[in-house]
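**Student:** Got a structure here, written out as structure tokens. Questions coming.
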Amino acid sequence: MQVSVDRDRCCSSGMCVMNAPAVFDQDDRDSLVRLRQTVVQPEQFEDVRLAAELCPSGAITVTEDGAAGTGA
């Protein structure tokens, strides 16, 4: 699994940080999403999927096994 973010779409809700704090952070300057890591470990899969699903602006894209994943 890999994850990417579109900072231009981010609305700074913080849902990603609340659900997967090891993977996501918010920038201190503008509060936009920032990735801590792009390759996700298996034990983080569920949290990252949930963060993408709950993202109100659809700024998070999850890619699994080379196929397009969730862009919630």
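Residue numbering restarts at 1 in every chain; chains get A, B, ... in the order shown in the structure tokens, and ligands count up from 1 in that same order.
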Can you pull out the residues contacting Glu43 of chain A? Cut-off 12 Å, using only C-alpha atoms, and skip same-chain residues under 5 positions away; I want them as an mmCIF file with C-alpha atoms, in the first residue's frame.

**Tutor:**
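Heads up, here's the output in result11.cif:
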data_model
loop_
_atom_site.group_PDB
_atom_site.id
_atom_site.type_symbol
_atom_site.label_atom_id
_atom_site.label_comp_id
_atom_site.auth_asym_id
_atom_site.auth_seq_id
_atom_site.Cartn_x
_atom_site.Cartn_y
_atom_site.Cartn_z
ATOM 1 C CA MET A 1 0.000 0.000 0.000
ATOM 2 C CA ALA A 20 -3.399 7.563 11.357
ATOM 3 C CA ALA A 22 2.052 7.721 12.278
ATOM 4 C CA VAL A 23 1.364 8.364 8.592
ATOM 5 C CA VAL A 48 -4.987 4.728 6.486
ATOM 6 C CA ARG A 49 -8.039 3.422 4.619
#

**Student:** Hey, what's within 10 Å of Val17 of chain A if we count only C-alpha atoms and toss same-chain stuff fewer than 4 positions away? As a list in words, please?

**Tutor:**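 What passes the distance filter is Ser12, Ser13, Pro21, Ala22, Val23, Phe24, Asp25, Gln26, Val33, Arg34, Leu35, Val48 and Ala51 of chain A.
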
**Student:** For atom CA of Ala52 of chain A and atom CA of Cys16 of chain A, quote the distance in Å rounded to one decimal.

**Tutor:**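 Spanning atom CA of Ala52 of chain A to atom CA of Cys16 of chain A is a straight-line distance of 7.1 Å.
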
**Student:** Would you give me, as a PDB file with all heavy atoms, in the first residue's frame, the residues in segment 3-46 of chain A that DSSP reads as strand (DSSP E or B)?

**Tutor:**
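Output below, filename result21.pdb:
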ATOM      1  N   VAL A   3       0.431   5.704  -0.107  1.00  0.00           N
ATOM      2  CA  VAL A   3      -0.523   6.778   0.119  1.00  0.00           C
ATOM      3  C   VAL A   3       0.073   8.080  -0.404  1.00  0.00           C
ATOM      4  O   VAL A   3       1.278   8.300  -0.322  1.00  0.00           O
ATOM      5  CB  VAL A   3      -0.911   6.876   1.624  1.00  0.00           C
ATOM      6  CG1 VAL A   3       0.273   7.209   2.483  1.00  0.00           C
ATOM      7  CG2 VAL A   3      -2.020   7.877   1.827  1.00  0.00           C
ATOM      8  N   SER A   4      -0.795   8.907  -0.961  1.00  0.00           N
ATOM      9  CA  SER A   4      -0.368  10.230  -1.397  1.00  0.00           C
ATOM     10  C   SER A   4      -1.443  11.232  -0.995  1.00  0.00           C
ATOM     11  O   SER A   4      -2.590  10.853  -0.722  1.00  0.00           O
ATOM     12  CB  SER A   4      -0.138  10.268  -2.908  1.00  0.00           C
ATOM     13  OG  SER A   4      -1.325   9.986  -3.601  1.00  0.00           O
ATOM     14  N   VAL A   5      -1.056  12.493  -0.941  1.00  0.00           N
ATOM     15  CA  VAL A   5      -2.001  13.543  -0.564  1.00  0.00           C
ATOM     16  C   VAL A   5      -1.931  14.686  -1.563  1.00  0.00           C
ATOM     17  O   VAL A   5      -0.898  14.935  -2.176  1.00  0.00           O
ATOM     18  CB  VAL A   5      -1.726  14.080   0.862  1.00  0.00           C
ATOM     19  CG1 VAL A   5      -1.960  13.004   1.890  1.00  0.00           C
ATOM     20  CG2 VAL A   5      -0.334  14.650   0.989  1.00  0.00           C
ATOM     21  N   PHE A  24       0.208  10.500   8.876  1.00  0.00           N
ATOM     22  CA  PHE A  24      -0.154  11.867   8.518  1.00  0.00           C
ATOM     23  C   PHE A  24       0.201  12.852   9.625  1.00  0.00           C
ATOM     24  O   PHE A  24       0.184  12.518  10.800  1.00  0.00           O
ATOM     25  CB  PHE A  24      -1.663  11.971   8.259  1.00  0.00           C
ATOM     26  CG  PHE A  24      -2.154  11.058   7.189  1.00  0.00           C
ATOM     27  CD1 PHE A  24      -2.804   9.881   7.503  1.00  0.00           C
ATOM     28  CD2 PHE A  24      -1.973  11.359   5.849  1.00  0.00           C
ATOM     29  CE1 PHE A  24      -3.274   9.020   6.529  1.00  0.00           C
ATOM     30  CE2 PHE A  24      -2.432  10.506   4.851  1.00  0.00           C
ATOM     31  CZ  PHE A  24      -3.084   9.338   5.197  1.00  0.00           C
ATOM     32  N   ASP A  25       0.455  14.079   9.205  1.00  0.00           N
ATOM     33  CA  ASP A  25       0.704  15.181  10.133  1.00  0.00           C
ATOM     34  C   ASP A  25       0.105  16.425   9.497  1.00  0.00           C
ATOM     35  O   ASP A  25      -0.250  16.420   8.322  1.00  0.00           O
ATOM     36  CB  ASP A  25       2.209  15.353  10.351  1.00  0.00           C
ATOM     37  CG  ASP A  25       2.533  16.217  11.564  1.00  0.00           C
ATOM     38  OD1 ASP A  25       1.601  16.591  12.321  1.00  0.00           O
ATOM     39  OD2 ASP A  25       3.720  16.529  11.765  1.00  0.00           O
ATOM     40  N   GLN A  26      -0.024  17.486  10.279  1.00  0.00           N
ATOM     41  CA  GLN A  26      -0.470  18.759   9.740  1.00  0.00           C
ATOM     42  C   GLN A  26       0.684  19.742   9.832  1.00  0.00           C
ATOM     43  O   GLN A  26       1.348  19.842  10.863  1.00  0.00           O
ATOM     44  CB  GLN A  26      -1.681  19.296  10.504  1.00  0.00           C
ATOM     45  CG  GLN A  26      -2.958  18.563  10.135  1.00  0.00           C
ATOM     46  CD  GLN A  26      -4.161  19.130  10.824  1.00  0.00           C
ATOM     47  OE1 GLN A  26      -4.361  18.871  11.998  1.00  0.00           O
ATOM     48  NE2 GLN A  26      -4.969  19.881  10.106  1.00  0.00           N
ATOM     49  N   VAL A  33      -2.329  18.927   5.313  1.00  0.00           N
ATOM     50  CA  VAL A  33      -1.823  17.573   5.506  1.00  0.00           C
ATOM     51  C   VAL A  33      -0.382  17.462   5.014  1.00  0.00           C
ATOM     52  O   VAL A  33       0.011  18.082   4.034  1.00  0.00           O
ATOM     53  CB  VAL A  33      -2.729  16.540   4.804  1.00  0.00           C
ATOM     54  CG1 VAL A  33      -2.720  16.716   3.294  1.00  0.00           C
ATOM     55  CG2 VAL A  33      -2.339  15.123   5.182  1.00  0.00           C
ATOM     56  N   ARG A  34       0.374  16.659   5.737  1.00  0.00           N
ATOM     57  CA  ARG A  34       1.761  16.371   5.384  1.00  0.00           C
ATOM     58  C   ARG A  34       1.972  14.891   5.673  1.00  0.00           C
ATOM     59  O   ARG A  34       1.528  14.373   6.690  1.00  0.00           O
ATOM     60  CB  ARG A  34       2.685  17.226   6.254  1.00  0.00           C
ATOM     61  CG  ARG A  34       4.140  17.108   5.943  1.00  0.00           C
ATOM     62  CD  ARG A  34       4.943  18.147   6.710  1.00  0.00           C
ATOM     63  NE  ARG A  34       4.864  17.975   8.154  1.00  0.00           N
ATOM     64  CZ  ARG A  34       5.692  17.210   8.857  1.00  0.00           C
ATOM     65  NH1 ARG A  34       6.650  16.544   8.287  1.00  0.00           N
ATOM     66  NH2 ARG A  34       5.551  17.119  10.163  1.00  0.00           N
ATOM     67  N   LEU A  35       2.640  14.200   4.758  1.00  0.00           N
ATOM     68  CA  LEU A  35       2.920  12.784   4.955  1.00  0.00           C
ATOM     69  C   LEU A  35       4.156  12.580   5.806  1.00  0.00           C
ATOM     70  O   LEU A  35       5.170  13.248   5.595  1.00  0.00           O
ATOM     71  CB  LEU A  35       3.143  12.078   3.618  1.00  0.00           C
ATOM     72  CG  LEU A  35       1.913  11.781   2.791  1.00  0.00           C
ATOM     73  CD1 LEU A  35       2.316  11.216   1.445  1.00  0.00           C
ATOM     74  CD2 LEU A  35       1.000  10.812   3.516  1.00  0.00           C
ATOM     75  N   VAL A  39       5.093   4.836   2.106  1.00  0.00           N
ATOM     76  CA  VAL A  39       4.853   3.396   2.074  1.00  0.00           C
ATOM     77  C   VAL A  39       4.305   2.993   3.435  1.00  0.00           C
ATOM     78  O   VAL A  39       4.926   3.227   4.469  1.00  0.00           O
ATOM     79  CB  VAL A  39       6.145   2.619   1.740  1.00  0.00           C
ATOM     80  CG1 VAL A  39       5.875   1.125   1.765  1.00  0.00           C
ATOM     81  CG2 VAL A  39       6.685   3.049   0.377  1.00  0.00           C
TER      82      VAL A  39
END

**Student:** If I take atom CA of Cys10 of chain A and atom CA of Gly58 of chain A, how far is one from the other in Å, to one decimal?

**Tutor:**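 Atom CA of Gly58 of chain A lies at a distance of 7.6 Å from atom CA of Cys10 of chain A.
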
**Student:** Mind listing the helix (DSSP H, G or I) residues of chain A, per DSSP on the backbone, as a list in words?

**Tutor:**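 Assigned to helix (DSSP H, G or I), within chain A: Met15, Cys16, Val17, Met18, Asn19, Pro42, Glu43, Gln44, Phe45, Glu46, Asp47, Val48, Arg49, Leu50, Ala51, Ala52, Glu53 and Leu54 of chain A.
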
**Student:** Atom CA of Gln41 of chain A and atom CA of Met18 of chain A, how far apart in Å?

**Tutor:**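 Atom CA of Met18 of chain A sits 17.5 Å away from atom CA of Gln41 of chain A.
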
**Student:** Would you please work out which residue, of A:Asp28, A:Met15, A:Asp6, A:Val40, is nearest to Thr63 of chain A when using only C-alpha atoms?

**Tutor:** A:Val40

**Student:** My list of candidates is A:Asp30, A:Gly14, A:Asn19, A:Arg9. Which is closest to Ser57 of chain A when distances are computed with only C-alpha atoms?

**Tutor:**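 Going through A:Asp30, A:Gly14, A:Asn19, A:Arg9 one by one, the smallest distance to Ser57 of chain A is for A:Arg9.
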
**Student:** Given the choices A:Pro42, A:Gln37, A:Asp27, A:Cys11, which gets closest to Pro56 of chain A if the distance is worked out from only C-alpha atoms?

**Tutor:**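 Ranking A:Pro42, A:Gln37, A:Asp27, A:Cys11 by distance to Pro56 of chain A, first place goes to A:Cys11.
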